[in-house]
>>> print(open('entry15.pdb').read())   # PDB, C-alpha atoms and all ligand atoms
ATOM      1  CA  MET J 219       9.170  -6.279  21.206
ATOM      2  CA  PHE J 220       7.848  -7.122  17.729
ATOM      3  CA  SER J 221       5.880 -10.191  18.765
ATOM      4  CA  GLU J 222       4.586  -8.431  21.895
ATOM      5  CA  ARG J 223       3.260  -5.626  19.708
ATOM      6  CA  VAL J 224       1.742  -8.045  17.233
ATOM      7  CA  GLU J 225      -0.071  -9.861  20.008
ATOM      8  CA  ARG J 226      -1.167  -6.741  21.858
ATOM      9  CA  LEU J 227      -2.544  -5.031  18.760
ATOM     10  CA  ASN J 228      -3.749  -8.298  17.246
ATOM     11  CA  LEU J 229      -1.846  -7.561  14.053
ATOM     12  CA  HIS J 230      -1.824  -9.912  11.108
ATOM     13  CA  GLY J 231      -0.675  -9.957   7.541
ATOM     14  CA  LEU J 232      -3.206  -7.559   6.133
ATOM     15  CA  HIS J 233      -2.174  -4.812   8.545
ATOM     16  CA  PHE J 234       1.310  -4.982   7.086
ATOM     17  CA  GLN J 235      -0.098  -4.766   3.593
ATOM     18  CA  HIS J 236      -2.367  -1.838   4.410
ATOM     19  CA  VAL J 237       0.288   0.222   6.132
ATOM     20  CA  VAL J 238       2.334   0.180   2.949
ATOM     21  CA  LEU J 239      -0.585   0.819   0.604
ATOM     22  CA  CYS J 240      -2.461   3.524   2.493
ATOM     23  CA  LYS J 241      -2.079   4.841   6.053
ATOM     24  CA  ARG J 242      -5.725   5.870   6.152
ATOM     25  CA  ARG J 243      -6.902   2.431   5.161
ATOM     26  CA  ALA J 244      -4.599   0.939   7.797
ATOM     27  CA  TRP J 245      -6.001   3.325  10.410
ATOM     28  CA  MET J 246      -9.578   2.420   9.499
ATOM     29  CA  TYR J 247      -8.792  -1.250   9.675
ATOM     30  CA  LEU J 248      -6.948  -0.926  13.005
ATOM     31  CA  HIS J 249      -9.875   0.970  14.467
ATOM     32  CA  ARG J 250     -12.317  -1.533  12.992
ATOM     33  CA  ILE J 251     -14.180   1.134  11.078
ATOM     34  CA  ASN J 252     -15.505   0.039   7.748
ATOM     35  CA  PHE J 253     -17.351   2.120   5.243
ATOM     36  CA  ALA J 254     -20.821   1.116   6.407
ATOM     37  CA  GLN J 255     -20.072   1.978  10.026
ATOM     38  CA  TRP J 256     -18.572   5.340   9.161
ATOM     39  CA  TYR J 257     -21.333   6.243   6.798
ATOM     40  CA  SER J 258     -24.005   5.511   9.374
ATOM     41  CA  ARG J 259     -22.267   7.897  11.762
ATOM     42  CA  VAL J 260     -21.914  10.899   9.546
ATOM     43  CA  ALA J 261     -24.487  10.793   6.811
ATOM     44  CA  LEU J 262     -28.104  11.844   6.721
ATOM     45  CA  GLY J 263     -30.952   9.619   7.824
ATOM     46  CA  THR J 264     -31.203   7.756   4.581
ATOM     47  CA  ALA J 265     -27.590   6.634   4.770
ATOM     48  CA  ARG J 266     -28.230   3.672   6.987
ATOM     49  CA  HIS J 267     -30.729   2.317   4.527
ATOM     50  CA  LEU J 268     -28.428   2.931   1.594
ATOM     51  CA  THR J 269     -25.376   1.380   3.176
ATOM     52  CA  SER J 270     -27.262  -1.780   4.000
ATOM     53  CA  TYR J 271     -26.841  -2.551   0.306
ATOM     54  CA  GLN J 272     -23.157  -1.663   0.152
ATOM     55  CA  ARG J 273     -20.591  -4.383   0.144
ATOM     56  CA  ASP J 274     -17.353  -3.461   1.897
ATOM     57  CA  ARG J 275     -14.866  -4.690  -0.654
ATOM     58  CA  SER J 276     -11.901  -3.969   1.608
ATOM     59  CA  ALA J 277     -13.272  -6.521   4.071
ATOM     60  CA  ILE J 278     -13.099  -9.345   1.571
ATOM     61  CA  GLY J 279     -10.520 -11.786   2.786
ATOM     62  CA  LEU J 280      -9.857  -9.979   6.046
ATOM     63  CA  PHE J 281     -11.353 -12.663   8.222
ATOM     64  CA  GLY J 282      -9.558 -15.902   8.749
ATOM     65  CA  LEU J 283      -6.706 -14.519   6.705
ATOM     66  CA  ALA J 284      -3.928 -17.016   6.349
ATOM     67  CA  PRO J 285      -1.052 -17.676   4.005
ATOM     68  CA  ASP J 286      -2.027 -19.593   0.909
ATOM     69  CA  ARG J 287       0.173 -22.537   1.712
ATOM     70  CA  ILE J 288       2.623 -23.518   4.415
ATOM     71  CA  ASP J 289       5.419 -25.942   3.605
ATOM     72  CA  TRP J 290       6.222 -27.238   7.059
ATOM     73  CA  GLN J 291       8.898 -29.561   5.743
ATOM     74  CA  HIS J 292      11.020 -26.873   4.098
ATOM     75  CA  TYR J 293       9.963 -23.920   6.269
ATOM     76  CA  ILE J 294       8.532 -21.933   3.377
ATOM     77  CA  VAL J 295       5.319 -19.939   3.514
ATOM     78  CA  HIS J 296       3.641 -19.368   0.147
ATOM     79  CA  GLU J 297       1.499 -16.388  -0.734
ATOM     80  CA  ASN J 298      -0.337 -16.057  -4.054
ATOM     81  CA  LYS J 299      -0.943 -12.700  -5.713
ATOM     82  CA  GLY J 300      -2.977 -12.192  -8.846
ATOM     83  CA  SER J 301      -0.766  -9.504 -10.319
ATOM     84  CA  GLY J 302       2.722  -8.204  -9.769
ATOM     85  CA  GLY J 303       1.626  -4.834  -8.397
ATOM     86  CA  ALA J 304       2.168  -3.473  -4.886
ATOM     87  CA  VAL J 305       5.415  -5.392  -4.534
ATOM     88  CA  GLN J 306       6.448  -3.862  -1.235
ATOM     89  CA  ALA J 307       3.042  -4.480   0.343
ATOM     90  CA  ALA J 308       2.943  -8.078  -0.835
ATOM     91  CA  ASN J 309       6.499  -8.631   0.359
ATOM     92  CA  LEU J 310       5.862  -7.228   3.800
ATOM     93  CA  GLN J 311       2.684  -9.243   4.256
ATOM     94  CA  SER J 312       4.420 -12.458   3.201
ATOM     95  CA  ALA J 313       7.532 -11.754   5.250
ATOM     96  CA  PHE J 314       5.303 -11.156   8.257
ATOM     97  CA  TYR J 315       3.988 -14.710   7.959
ATOM     98  CA  ALA J 316       7.530 -16.043   7.683
ATOM     99  CA  LEU J 317       8.650 -14.091  10.742
ATOM    100  CA  MET J 318       5.718 -15.186  12.870
ATOM    101  CA  LEU J 319       6.313 -18.798  11.877
ATOM    102  CA  SER J 320      10.010 -18.375  12.685
ATOM    103  CA  ILE J 321       9.180 -16.992  16.114
ATOM    104  CA  ALA J 322       6.657 -19.755  16.763
ATOM    105  CA  THR J 323       8.821 -22.659  15.619
ATOM    106  CA  GLY J 324      12.365 -21.452  16.273
ATOM    107  CA  LYS J 325      13.273 -22.267  12.652
ATOM    108  CA  ASN J 326      14.353 -19.947   9.850
ATOM    109  CA  TRP J 327      11.401 -19.525   7.529
ATOM    110  CA  THR J 328      11.354 -17.882   4.127
ATOM    111  CA  ALA J 329       8.396 -16.545   2.162
ATOM    112  CA  MET J 330       7.655 -17.204  -1.476
ATOM    113  CA  VAL J 331       5.365 -14.835  -3.351
ATOM    114  CA  HIS J 332       3.731 -16.324  -6.436
ATOM    115  CA  ILE J 333       2.490 -13.937  -9.134
ATOM    116  CA  LEU J 334      -0.276 -15.885 -10.773
ATOM    117  CA  SER J 335      -0.720 -13.637 -13.829
ATOM    118  CA  THR J 336       2.908 -14.039 -14.893
ATOM    119  CA  ARG J 337       3.536 -17.441 -13.321
ATOM    120  CA  SER J 338       6.611 -15.986 -11.671
ATOM    121  CA  GLN J 339       7.734 -16.085  -8.086
ATOM    122  CA  ARG J 340      10.156 -14.451  -5.738
ATOM    123  CA  THR J 341      11.683 -15.689  -2.532
ATOM    124  CA  LEU J 342      11.975 -13.430   0.472
ATOM    125  CA  GLU J 343      14.597 -13.990   3.121
ATOM    126  CA  LEU J 344      14.227 -12.598   6.597
ATOM    127  CA  ASP J 345      17.442 -10.636   6.302
ATOM    128  CA  HIS J 346      18.367  -7.553   8.274
ATOM    129  CA  ALA J 347      16.648  -5.183   5.836
ATOM    130  CA  MET J 348      13.406  -7.157   5.855
ATOM    131  CA  LEU J 349      13.377  -7.433   9.633
ATOM    132  CA  ALA J 350      13.980  -3.694   9.885
ATOM    133  CA  SER J 351      11.081  -3.050   7.492
ATOM    134  CA  LEU J 352       8.762  -5.268   9.520
ATOM    135  CA  LEU J 353       9.766  -3.567  12.756
ATOM    136  CA  LYS J 354       9.279  -0.117  11.234
ATOM    137  CA  ALA J 355       5.870  -1.115   9.879
ATOM    138  CA  SER J 356       4.836  -2.450  13.277
ATOM    139  CA  GLU J 357       5.864   0.856  14.854
ATOM    140  CA  GLU J 358       3.798   2.749  12.301
ATOM    141  CA  LEU J 359       0.845   0.488  13.030
ATOM    142  CA  GLU J 360       1.263   1.162  16.749
ATOM    143  CA  GLN J 361       1.179   4.912  16.084
ATOM    144  CA  LEU J 362      -1.883   4.557  13.900
ATOM    145  CA  ALA J 363      -3.609   2.417  16.517
ATOM    146  CA  ARG J 364      -2.983   5.099  19.148
ATOM    147  CA  SER J 365      -3.995   8.002  16.956
ATOM    148  CA  LYS J 366      -7.518   9.318  17.351
ATOM    149  CA  THR J 367      -7.261  11.252  14.096
ATOM    150  CA  VAL J 368      -7.969   9.888  10.650
ATOM    151  CA  PRO J 369      -4.728  10.245   8.653
ATOM    152  CA  THR J 370      -4.656  12.537   5.651
ATOM    153  CA  ALA J 371      -4.783  10.725   2.339
ATOM    154  CA  SER J 372      -4.243  11.415  -1.328
ATOM    155  CA  ARG J 373      -5.842   9.776  -4.335
ATOM    156  CA  LYS J 374      -4.047   6.687  -5.562
ATOM    157  CA  LYS J 375      -4.675   3.844  -7.962
ATOM    158  CA  LEU J 376      -5.856   1.658  -5.104
ATOM    159  CA  CYS J 377      -8.765   4.020  -4.367
ATOM    160  CA  GLY J 378     -10.695   2.654  -7.331
ATOM    161  CA  ALA J 379     -11.070  -0.691  -5.580
ATOM    162  CA  CYS J 380     -11.401   0.584  -2.004
ATOM    163  CA  SER J 381     -14.710   0.649  -0.161
ATOM    164  CA  LEU J 382     -13.606   3.838   1.595
ATOM    165  CA  ALA J 383     -13.418   5.773  -1.682
ATOM    166  CA  LEU J 384     -16.708   7.553  -1.047
ATOM    167  CA  PHE J 385     -15.604   8.583   2.432
ATOM    168  CA  CYS J 386     -12.325   9.851   1.040
ATOM    169  CA  GLY J 387     -13.991  11.605  -1.892
ATOM    170  CA  PHE J 388     -11.910   9.588  -4.350
ATOM    171  CA  VAL J 389     -14.696   7.995  -6.384
TER     172      VAL J 389
HETATM  173  S1  LIG V 401     -10.063   5.416  -0.862
HETATM  174 FE1  LIG V 401      -7.871   5.614  -1.270
HETATM  175  S2  LIG V 401      -7.122   7.118   0.228
HETATM  176 FE2  LIG V 401      -9.125   6.394   0.938
HETATM  177  S3  LIG V 401      -8.661   4.707   2.333
HETATM  178 FE3  LIG V 401      -9.040   3.802   0.326
HETATM  179  S4  LIG V 401      -7.013   3.651  -0.608
HETATM  180 FE4  LIG V 401      -6.825   5.070   1.112
END
>>> encode(input="entry15.pdb", output="structure tokens")
Amino acid sequence: MFSERVERLNLHGLHFQHVVLCKRRAWMYLHRINFAQWYSRVALGTARHLTSYQRDRSAIGLFGLAPDRIDWQHYIVHENKGSGGAVQAANLQSAFYALMLSIATGKNWTAMVHILSTRSQRTLELDHAMLASLLKASEELEQLARSKTVPTASRKKLCGACSLALFCGFV
């Protein structure tokens, strides 16, 4: 069921990060709406010109997204993070890679998250709790993919670095 959903919705690691960080951002990403597209739909005539100079920061790294390193010999997938924030989001994204590799290879993979700023790391096992979290997140993503309505959102620290901040009114 999980892998069928992943394939059908074309889910990858960033979806699992977004759904933890912000349901609205996840919805936008699932529906392939970025700031420039939205703005051109709703704003006045000058918007299209203005947005042609906007860079969608949330799109950075979305394409060709892959784990930072795959240790095929020891079945460990490595993911680097600059800071130690958003632990749950980083964990779910990394565990997603480990699960997909486990499904693909039939081996038990683990994920290792490296926090570059503190030179620390944590290992994530695909235990029952993690598998349940991944399944729940995939179900939430399915609901968001089906929903025609933009989810409600509240201001959060992440908004400061999100290209949708103007749309959300959280600039
Ligand atoms: S600006 Fe904030 S609330 Fe809006 S999509 Fe981005 S993170 Fe979510």
>>> closest_atom_pairs(input="entry15.pdb", of="chain J", to="ligand LIG 401 (chain V)", cutoff="9 Å", atoms="only C-alpha atoms and all ligand atoms", output="CSV")
residue,atom,partner,partner_atom,distance
J:His236,CA,V:LIG401,S4,8.8
J:Leu239,CA,V:LIG401,S4,7.1
J:Cys240,CA,V:LIG401,FE4,4.8
J:Lys241,CA,V:LIG401,FE4,6.9
J:Arg242,CA,V:LIG401,S3,5.0
J:Arg243,CA,V:LIG401,S3,4.0
J:Ala244,CA,V:LIG401,S3,7.8
J:Trp245,CA,V:LIG401,S3,8.6
J:Met246,CA,V:LIG401,S3,7.6
J:Ser276,CA,V:LIG401,FE3,8.4
J:Thr370,CA,V:LIG401,S2,8.1
J:Ala371,CA,V:LIG401,S2,4.8
J:Ser372,CA,V:LIG401,S2,5.4
J:Arg373,CA,V:LIG401,S2,5.4
J:Lys374,CA,V:LIG401,FE1,5.8
J:Lys375,CA,V:LIG401,FE1,7.6
J:Leu376,CA,V:LIG401,S4,5.1
J:Cys377,CA,V:LIG401,FE1,3.6
J:Gly378,CA,V:LIG401,S1,7.1
J:Ala379,CA,V:LIG401,FE3,7.7
J:Cys380,CA,V:LIG401,FE3,4.6
J:Ser381,CA,V:LIG401,FE3,6.5
J:Leu382,CA,V:LIG401,S1,4.6
J:Ala383,CA,V:LIG401,S1,3.5
J:Leu384,CA,V:LIG401,S1,7.0
J:Phe385,CA,V:LIG401,FE2,7.0
J:Cys386,CA,V:LIG401,FE2,4.7
J:Gly387,CA,V:LIG401,S1,7.4
J:Phe388,CA,V:LIG401,S1,5.7
J:Val389,CA,V:LIG401,S1,7.7
>>> resolve_selection(input="entry15.pdb", expression="the PyMOL selection byres (((chain J and resi 302) around 6) and not hetatm)", output="PyMOL selection string")
chain J and resi 301+303+333
>>> atom_distance(input="entry15.pdb", atom1="atom CA of Asn326 of chain J", atom2="atom CA of Ile294 of chain J")
8.9 Å
>>> resolve_selection(input="entry15.pdb", expression="the PyMOL selection byres (((chain J and resi 293) around 8) and not hetatm)", output="mmCIF file with C-alpha atoms, in the coordinates of the input")
data_model
loop_
_atom_site.group_PDB
_atom_site.id
_atom_site.type_symbol
_atom_site.label_atom_id
_atom_site.label_comp_id
_atom_site.auth_asym_id
_atom_site.auth_seq_id
_atom_site.Cartn_x
_atom_site.Cartn_y
_atom_site.Cartn_z
ATOM 1 C CA ILE J 288 2.623 -23.518 4.415
ATOM 2 C CA ASP J 289 5.419 -25.942 3.605
ATOM 3 C CA TRP J 290 6.222 -27.238 7.059
ATOM 4 C CA GLN J 291 8.898 -29.561 5.743
ATOM 5 C CA HIS J 292 11.020 -26.873 4.098
ATOM 6 C CA ILE J 294 8.532 -21.933 3.377
ATOM 7 C CA VAL J 295 5.319 -19.939 3.514
ATOM 8 C CA LYS J 325 13.273 -22.267 12.652
ATOM 9 C CA ASN J 326 14.353 -19.947 9.850
ATOM 10 C CA TRP J 327 11.401 -19.525 7.529
ATOM 11 C CA THR J 328 11.354 -17.882 4.127
#
>>> residues_near_point(input="entry15.pdb", point="(6.4, -12.2, 9.0)", cutoff="12 Å", atoms="only C-alpha atoms", output="ChimeraX atom specification")
/J:220-221,224,229-235,284-285,294-297,308-322,326-330,342-345,348-353,355-356
>>> write_last_selection(input="entry15.pdb", atoms="C-alpha atoms", output="compact mmCIF listing (two decimals), in the coordinates of the input")
# COMPACT_ATOMS: atom_id res chain seq x y z
CA PHE J 220 7.85 -7.12 17.73
CA SER J 221 5.88 -10.19 18.76
CA VAL J 224 1.74 -8.04 17.23
CA LEU J 229 -1.85 -7.56 14.05
CA HIS J 230 -1.82 -9.91 11.11
CA GLY J 231 -0.68 -9.96 7.54
CA LEU J 232 -3.21 -7.56 6.13
CA HIS J 233 -2.17 -4.81 8.54
CA PHE J 234 1.31 -4.98 7.09
CA GLN J 235 -0.10 -4.77 3.59
CA ALA J 284 -3.93 -17.02 6.35
CA PRO J 285 -1.05 -17.68 4.00
CA ILE J 294 8.53 -21.93 3.38
CA VAL J 295 5.32 -19.94 3.51
CA HIS J 296 3.64 -19.37 0.15
CA GLU J 297 1.50 -16.39 -0.73
CA ALA J 308 2.94 -8.08 -0.84
CA ASN J 309 6.50 -8.63 0.36
CA LEU J 310 5.86 -7.23 3.80
CA GLN J 311 2.68 -9.24 4.26
CA SER J 312 4.42 -12.46 3.20
CA ALA J 313 7.53 -11.75 5.25
CA PHE J 314 5.30 -11.16 8.26
CA TYR J 315 3.99 -14.71 7.96
CA ALA J 316 7.53 -16.04 7.68
CA LEU J 317 8.65 -14.09 10.74
CA MET J 318 5.72 -15.19 12.87
CA LEU J 319 6.31 -18.80 11.88
CA SER J 320 10.01 -18.38 12.68
CA ILE J 321 9.18 -16.99 16.11
CA ALA J 322 6.66 -19.76 16.76
CA ASN J 326 14.35 -19.95 9.85
CA TRP J 327 11.40 -19.52 7.53
CA THR J 328 11.35 -17.88 4.13
CA ALA J 329 8.40 -16.55 2.16
CA MET J 330 7.66 -17.20 -1.48
CA LEU J 342 11.98 -13.43 0.47
CA GLU J 343 14.60 -13.99 3.12
CA LEU J 344 14.23 -12.60 6.60
CA ASP J 345 17.44 -10.64 6.30
CA MET J 348 13.41 -7.16 5.86
CA LEU J 349 13.38 -7.43 9.63
CA ALA J 350 13.98 -3.69 9.88
CA SER J 351 11.08 -3.05 7.49
CA LEU J 352 8.76 -5.27 9.52
CA LEU J 353 9.77 -3.57 12.76
CA ALA J 355 5.87 -1.12 9.88
CA SER J 356 4.84 -2.45 13.28
>>> resolve_selection(input="entry15.pdb", expression="the PyMOL selection byres (((chain J and resi 335) around 10) and not hetatm)", output="list in words")
Lys299, Gly300, Ser301, Gly302, His332, Ile333, Leu334, Thr336, Arg337 and Ser338 of chain J
>>> closest_residue(input="entry15.pdb", among="J:Val237, J:Val331, J:Ala304, J:Leu248", to="Arg287 of chain J", atoms="all atoms listed in the file")
J:Val331
>>> atom_distance(input="entry15.pdb", atom1="atom CA of Leu362 of chain J", atom2="atom CA of Asp286 of chain J")
27.4 Å
>>> atom_distance(input="entry15.pdb", atom1="atom CA of His346 of chain J", atom2="atom CA of Arg364 of chain J")
27.1 Å
>>> decode(input="entry15.pdb", residues="segment 230-256 of chain J", atoms="C-alpha atoms", output="compact mmCIF listing (two decimals), in the first residue's frame")
# COMPACT_ATOMS: atom_id res chain seq x y z
CA HIS J 230 9.77 11.53 -2.78
CA GLY J 231 11.73 12.63 0.22
CA LEU J 232 10.81 16.28 0.14
CA HIS J 233 7.10 15.51 0.33
CA PHE J 234 7.73 13.78 3.63
CA GLN J 235 9.68 16.76 4.87
CA HIS J 236 7.04 19.26 3.79
CA VAL J 237 4.12 17.41 5.31
CA VAL J 238 5.77 17.68 8.71
CA LEU J 239 6.87 21.30 8.32
CA CYS J 240 3.76 22.84 6.77
CA LYS J 241 0.62 21.25 5.29
CA ARG J 242 0.08 24.23 3.02
CA ARG J 243 3.56 24.01 1.61
CA ALA J 244 3.06 20.27 1.08
CA TRP J 245 -0.24 20.94 -0.69
CA MET J 246 1.36 23.53 -2.96
CA TYR J 247 4.18 21.19 -3.79
CA LEU J 248 1.85 18.24 -4.44
CA HIS J 249 -0.25 20.37 -6.75
CA ARG J 250 2.87 21.74 -8.43
CA ILE J 251 1.96 25.31 -7.63
CA ASN J 252 4.87 27.54 -6.89
CA PHE J 253 4.78 31.16 -5.92
CA ALA J 254 5.27 32.50 -9.44
CA GLN J 255 2.43 30.41 -10.84
CA TRP J 256 0.03 31.37 -8.08
